[in-house]
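The data block below is entry.tsv; it holds TSV, C-alpha atoms.
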chain	number	residue	atom	x	y	z
A	1	MET	CA	0.00	0.00	0.00
A	2	ASN	CA	1.46	3.40	-0.91
A	3	LYS	CA	1.41	6.26	1.56
A	4	ILE	CA	-1.54	8.09	0.07
A	5	ASP	CA	-3.67	4.92	0.34
A	6	GLN	CA	-2.48	4.39	3.91
A	7	LEU	CA	-3.47	7.98	4.67
A	8	LYS	CA	-6.86	7.44	3.04
A	9	GLU	CA	-7.48	4.46	5.34
A	10	ILE	CA	-6.55	6.53	8.40
A	11	ILE	CA	-8.84	9.45	7.57
A	12	LYS	CA	-11.76	7.34	6.36
A	13	PRO	CA	-13.58	7.10	9.75
A	14	TYR	CA	-13.53	10.90	10.11
A	15	VAL	CA	-14.89	11.86	6.68
A	16	PRO	CA	-18.66	12.43	6.55
A	17	ASN	CA	-18.80	12.37	2.75
A	18	ARG	CA	-17.34	9.11	1.37
A	19	GLU	CA	-17.57	10.25	-2.25
A	20	ARG	CA	-15.07	13.05	-1.68
A	21	LEU	CA	-12.67	10.55	-0.14
A	22	GLU	CA	-12.67	8.53	-3.37
A	23	HIS	CA	-11.28	11.51	-5.27
A	24	LEU	CA	-8.42	12.17	-2.90
A	25	THR	CA	-5.52	14.07	-4.51
A	26	PRO	CA	-2.40	15.69	-3.04
A	27	GLU	CA	-4.24	19.01	-3.15
A	28	THR	CA	-7.22	17.80	-1.10
A	29	ASP	CA	-7.69	20.03	1.97
A	30	PHE	CA	-8.79	18.15	5.10
A	31	ILE	CA	-11.11	20.84	6.40
A	32	LYS	CA	-12.31	22.60	3.22
A	33	ASP	CA	-12.64	19.61	0.90
A	34	LEU	CA	-13.31	16.71	3.26
A	35	ALA	CA	-15.27	18.64	5.95
A	36	ILE	CA	-13.21	17.04	8.72
A	37	ASN	CA	-13.61	19.02	11.96
A	38	SER	CA	-10.53	20.36	13.68
A	39	ALA	CA	-11.03	18.17	16.77
A	40	ASN	CA	-10.97	15.06	14.58
A	41	LEU	CA	-7.86	16.35	12.86
A	42	VAL	CA	-6.12	15.76	16.21
A	43	ASP	CA	-7.30	12.13	16.18
A	44	ILE	CA	-6.07	11.72	12.60
A	45	ILE	CA	-2.63	13.00	13.59
A	46	LEU	CA	-2.50	10.59	16.55
A	47	ASP	CA	-3.49	7.73	14.21
A	48	ILE	CA	-0.76	8.79	11.74
A	49	GLU	CA	1.78	8.79	14.60
A	50	GLU	CA	0.76	5.29	15.60
A	51	GLN	CA	0.69	3.84	12.11
A	52	PHE	CA	4.02	5.30	10.97
A	53	GLU	CA	5.66	5.17	14.43
A	54	ILE	CA	6.58	8.85	14.34
A	55	THR	CA	5.96	11.88	16.58
A	56	ILE	CA	4.43	15.02	15.16
A	57	ASP	CA	5.07	18.31	16.98
A	58	ASN	CA	2.98	21.50	17.10
A	59	ASP	CA	4.66	22.94	13.99
A	60	GLY	CA	3.88	19.76	12.08
A	61	MET	CA	0.29	19.85	13.31
A	62	GLU	CA	-0.18	23.41	12.08
A	63	LYS	CA	1.21	22.60	8.64
A	64	MET	CA	-0.91	19.52	8.20
A	65	MET	CA	-3.78	21.10	6.29
A	66	ASP	CA	-3.91	18.98	3.15
A	67	VAL	CA	-2.84	15.57	1.82
A	68	LYS	CA	0.36	16.94	0.28
A	69	SER	CA	1.60	18.55	3.51
A	70	ALA	CA	0.62	15.50	5.57
A	71	LEU	CA	2.68	13.24	3.29
A	72	ALA	CA	5.62	15.68	3.46
A	73	ILE	CA	5.55	15.70	7.27
A	74	ILE	CA	5.32	11.90	7.40
A	75	ASP	CA	8.36	11.64	5.07
A	76	GLU	CA	10.26	14.24	7.06
A	77	GLU	CA	9.66	12.39	10.35
A	78	LEU	CA	10.42	8.99	8.84
A	79	ALA	CA	13.74	10.36	7.58
A	80	LYS	CA	14.68	11.34	11.15
A	81	LYS	CA	14.34	7.78	12.38
B	13	MET	CA	-2.27	24.27	41.27
B	14	THR	CA	-4.55	23.65	44.28
B	15	ASN	CA	-8.02	22.13	44.07
B	16	GLN	CA	-9.51	25.45	45.17
B	17	GLU	CA	-7.67	27.31	42.39
B	18	ILE	CA	-9.16	24.92	39.85
B	19	LEU	CA	-12.67	25.56	41.22
B	20	ASP	CA	-12.02	29.33	41.09
B	21	ASN	CA	-10.91	29.08	37.47
B	22	LEU	CA	-13.94	27.16	36.21
B	23	PRO	CA	-15.72	29.30	33.60
B	24	TYR	CA	-19.24	28.50	34.90
B	25	SER	CA	-21.81	30.10	37.15
B	26	LYS	CA	-25.37	29.40	38.24
B	27	PRO	CA	-27.56	27.99	36.77
B	28	PHE	CA	-24.97	26.01	34.81
B	29	HIS	CA	-22.31	25.18	37.35
B	30	PHE	CA	-22.07	21.48	38.22
B	31	VAL	CA	-18.90	21.06	40.29
B	32	ASP	CA	-18.84	21.18	44.12
B	33	GLU	CA	-15.56	19.61	45.04
B	34	ILE	CA	-12.37	18.29	43.47
B	35	VAL	CA	-11.44	15.24	45.55
B	36	SER	CA	-8.18	14.39	43.80
B	37	ILE	CA	-6.38	15.43	40.65
B	38	SER	CA	-3.17	14.47	38.84
B	39	GLU	CA	-1.64	14.47	35.35
B	40	ASN	CA	-3.60	11.31	34.64
B	41	GLY	CA	-7.07	12.04	35.94
B	42	VAL	CA	-9.49	13.67	38.33
B	43	GLU	CA	-12.24	12.81	40.80
B	44	GLY	CA	-14.87	15.31	41.87
B	45	THR	CA	-18.40	15.54	43.27
B	46	TYR	CA	-21.65	17.38	42.72
B	47	PHE	CA	-24.89	17.45	44.72
B	48	PHE	CA	-28.09	17.74	42.64
B	49	ASP	CA	-30.18	20.05	44.80
B	50	GLU	CA	-33.91	19.54	44.37
B	51	THR	CA	-34.41	23.29	43.77
B	52	LEU	CA	-32.46	23.18	40.45
B	53	ASP	CA	-34.67	24.75	37.80
B	54	PHE	CA	-34.72	21.90	35.26
B	55	TYR	CA	-36.46	19.55	37.72
B	56	LYS	CA	-39.64	21.63	37.22
B	57	GLY	CA	-39.86	20.44	33.64
B	58	HIS	CA	-37.98	17.11	33.52
B	59	PHE	CA	-40.36	15.53	34.07
B	60	LYS	CA	-43.52	17.49	34.93
B	61	HIS	CA	-44.60	15.32	37.85
B	62	ASN	CA	-41.56	13.12	38.21
B	63	PRO	CA	-38.24	14.98	38.63
B	64	VAL	CA	-35.21	13.09	37.22
B	65	THR	CA	-31.85	14.59	36.28
B	66	PRO	CA	-31.68	14.96	32.48
B	67	GLY	CA	-29.00	12.94	30.66
B	68	VAL	CA	-27.62	16.13	29.11
B	69	ILE	CA	-27.04	17.52	32.61
B	70	LEU	CA	-25.27	14.31	33.68
B	71	THR	CA	-23.09	14.63	30.57
B	72	GLU	CA	-22.41	18.29	31.38
B	73	THR	CA	-21.49	17.39	34.96
B	74	MET	CA	-19.08	14.72	33.70
B	75	ALA	CA	-17.58	17.25	31.26
B	76	GLN	CA	-17.19	20.03	33.86
B	77	ILE	CA	-15.51	17.77	36.42
B	78	GLY	CA	-13.87	15.19	34.20
B	79	VAL	CA	-12.62	17.26	31.28
B	80	VAL	CA	-12.71	21.01	32.03
B	81	SER	CA	-11.33	20.78	35.60
B	82	LEU	CA	-8.61	18.40	34.45
B	83	GLY	CA	-7.88	20.63	31.46
B	84	ILE	CA	-7.40	23.66	33.71
B	85	TYR	CA	-4.99	21.63	35.86
B	86	LEU	CA	-3.04	20.38	32.82
B	87	LEU	CA	-2.84	23.86	31.29
B	88	ASN	CA	-1.37	25.04	34.60
B	89	ASN	CA	-2.07	28.81	34.64
B	90	LYS	CA	-2.29	29.07	30.85
B	91	PHE	CA	-6.09	29.02	31.27
B	92	SER	CA	-7.58	32.48	31.77
B	93	LYS	CA	-10.85	34.40	31.77
B	94	ASN	CA	-10.38	34.97	28.04
B	95	SER	CA	-9.82	31.32	27.16
B	96	VAL	CA	-12.38	29.83	24.81
B	97	ILE	CA	-13.19	26.16	25.28
B	98	ALA	CA	-15.56	23.81	23.47
B	99	LEU	CA	-16.96	20.36	23.87
B	100	THR	CA	-15.94	18.42	20.75
B	101	SER	CA	-17.41	14.95	21.25
B	102	SER	CA	-19.22	12.81	23.78
B	103	GLU	CA	-20.34	9.22	23.74
B	104	ILE	CA	-22.19	8.28	26.91
B	105	GLU	CA	-24.23	5.34	28.15
B	106	TYR	CA	-26.82	6.04	30.85
B	107	LEU	CA	-27.29	3.15	33.25
B	108	LYS	CA	-29.34	4.41	36.22
B	109	PRO	CA	-31.48	7.46	37.01
B	110	VAL	CA	-30.17	10.27	39.24
B	111	TYR	CA	-32.91	11.84	41.38
B	112	PRO	CA	-33.05	15.23	43.14
B	113	ASN	CA	-30.90	15.47	46.29
B	114	GLN	CA	-28.48	12.79	45.15
B	115	LYS	CA	-24.75	13.35	45.27
B	116	VAL	CA	-22.62	11.95	42.48
B	117	LYS	CA	-18.92	11.38	42.03
B	118	VAL	CA	-17.24	11.71	38.65
B	119	ILE	CA	-14.09	9.71	37.95
B	120	SER	CA	-12.13	10.65	34.85
B	121	GLU	CA	-9.01	9.13	33.31
B	122	LYS	CA	-7.04	10.99	30.67
B	123	ILE	CA	-6.83	9.17	27.33
B	124	TYR	CA	-4.70	11.90	25.79
B	125	PHE	CA	-3.98	15.62	25.91
B	126	ARG	CA	-2.41	16.66	22.63
B	127	PHE	CA	-2.62	19.78	20.45
B	128	ASN	CA	-5.00	21.43	22.95
B	129	LYS	CA	-7.48	18.57	22.81
B	130	LEU	CA	-8.25	16.61	25.96
B	131	LYS	CA	-10.01	13.27	25.65
B	132	CYS	CA	-11.06	11.32	28.75
B	133	LYS	CA	-12.74	8.11	29.81
B	134	VAL	CA	-15.35	9.26	32.31
B	135	SER	CA	-17.60	7.45	34.78
B	136	MET	CA	-20.21	8.74	37.24
B	137	VAL	CA	-21.20	6.86	40.40
B	138	ASN	CA	-23.93	7.50	42.99
B	139	GLU	CA	-23.57	7.36	46.78
B	140	ALA	CA	-24.16	3.61	46.74
B	141	SER	CA	-21.11	3.39	44.42
B	142	GLU	CA	-23.32	2.22	41.56
B	143	GLU	CA	-22.25	3.44	38.14
B	144	VAL	CA	-24.95	5.73	36.72
B	145	CYS	CA	-23.30	6.65	33.43
B	146	ARG	CA	-20.02	6.23	31.58
B	147	GLY	CA	-18.34	7.02	28.31
B	148	THR	CA	-15.79	9.22	26.60
B	149	ILE	CA	-15.78	13.01	26.37
B	150	ALA	CA	-13.39	15.32	24.55
B	151	GLY	CA	-12.94	19.07	24.51
B	152	MET	CA	-10.57	21.65	23.11
B	153	ILE	CA	-9.18	24.98	24.14
B	154	ILE	CA	-9.62	27.10	21.04
B	155	SER	CA	-7.84	30.29	22.13
Could you show the structure in this file as structure tokens?
Amino acid sequence: MNKIDQLKEIIKPYVPNRERLEHLTPETDFIKDLAINSANLVDIILDIEEQFEITIDNDGMEKMMDVKSALAIIDEELAKK
Amino acid sequence: MTNQEILDNLPYSKPFHFVDEIVSISENGVEGTYFFDETLDFYKGHFKHNPVTPGVILTETMAQIGVVSLGIYLLNNKFSKNSVIALTSSEIEYLKPVYPNQKVKVISEKIYFRFNKLKCKVSMVNEASEEVCRGTIAGMIIS
């Protein structure tokens, strides 16, 4: 499974509109496009940490607004390991 | 931070203040009590001839003791009069009724506190130590 598909699996439980999830692209914005609420964004980040065995800090959290930036932060943290 | 300082910092007042006492508090959880006085206004309407504490009020009591009080403690003086907080999710099972003039104890265990969101496993027991409701509640400090 590539990273974008792994990410899709993680965010699936938090997306009210499944159709939008099917058309996930790097540009997809979590809040604007997927209507994920900001409290659930915290849960998504904790799930990402668990799945990829990384730790995301406050700066990472603030940057994580869309699929592209989430993948970049995951790569950045994986590189530190 | 002392238990009294936490009570003083709670952003509630009558008729929507449901914390009497913080019994114990730590990084990992909190226990506190509240007495449901029979003169509380909502008993007049819930129900008309049969006063029972509404589930939403039990949830609110669990949130005020179990999440907001613990959050104030964890934020350790970073919580102020201007802080904005919000309930973000709750999933509660109601097991037994709570009648007027009953005292309840709320026991809350932190699941996590990350990125300004506090999520807790919360339980409420009556004076006979019977569990009256339980579940998970989360809230955030927004600014």
May I have a table of the residues of stretch 19-134 of chain B lying at most 12 Å from stretch 51-60 of chain A, giving each one's closest pair of atoms and their distance in Å to one decimal, counting all atoms listed in the file, ordered by chain and ascending residue number, as a Markdown table?
| residue | atom | partner | partner_atom | distance |
| --- | --- | --- | --- | --- |
| B:Arg126 | CA | A:Asn58 | CA | 9.1 |
| B:Phe127 | CA | A:Asn58 | CA | 6.7 |
| B:Asn128 | CA | A:Asn58 | CA | 9.9 |
When the cut-off is 12 Å and we count only C-alpha atoms, which residues of chain B are near chain A, given as number ranges by chain? B: 97-101, 123-131, 149-154
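One finds atom CA of B:Lys108 at 18.2 Å from atom CA of B:Lys133.
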Counting only C-alpha atoms, closest pick from A:Glu50, A:Ile44, A:Leu78, A:Met65 relative to A:Ile11 is A:Ile44
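Of the listed residues A:Met1, A:Ile36, A:Ile10, A:Leu21, the one whose atoms come nearest to A:Glu49 is A:Ile10, with distances taken using only C-alpha atoms.
Here the question is which of B:Asn138, B:Val116, B:Tyr111, B:Val79 gets nearest to B:Gly41 using only C-alpha atoms, and that residue is B:Val79.
A straight line drawn from atom CA of B:Gln114 to atom CA of B:Gln16 is 22.8 Å long.
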Can you pull out every residue within 7 Å of stretch 66-73 of chain A, counting only C-alpha atoms, but drop anything in the same chain fewer than 2 positions away, and send it as a ChimeraX atom specification?
/A:26-30,60,63-64,75-77
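Using only C-alpha atoms, every residue with an atom at most 9 Å from the point (-15.2, 9.9, 30.7) is listed here: Met74, Ala75, Gly78, Val79, Ser102, Glu103, Ile104, Val118, Ile119, Ser120, Glu121, Lys122, Lys131, Cys132, Lys133, Val134, Ser135, Met136, Arg146, Gly147, Thr148, Ile149 and Ala150 of chain B.
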Counting only C-alpha atoms, the residue among B:Asn40, B:Ser141, B:Asn113, B:Thr71 that lies closest to B:Tyr55 is B:Asn113
Report task. Please provide as JSON, numbers by chain all residues within 8 Å of stretch 45-47 of chain B, with the sequence filter that same-chain residues fewer than 6 positions apart are discarded (counting all atoms listed in the file). Result -> {"B": [30, 31, 32, 33, 34, 35, 73, 77, 113, 114, 115, 116, 117, 118]}
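Interatomic distance, atom CA of B:Asn88 against atom CA of B:His29: 21.1 Å.
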Judged by only C-alpha atoms, the minimum distance to B:Glu39 among B:Pro66, B:Gly83, B:Pro112, B:Pro23 is found for B:Gly83
Using only C-alpha atoms, the residue out of A:Leu34, A:Asp47, A:Ile74, A:Lys81 with shortest distance to A:Val15 is A:Leu34
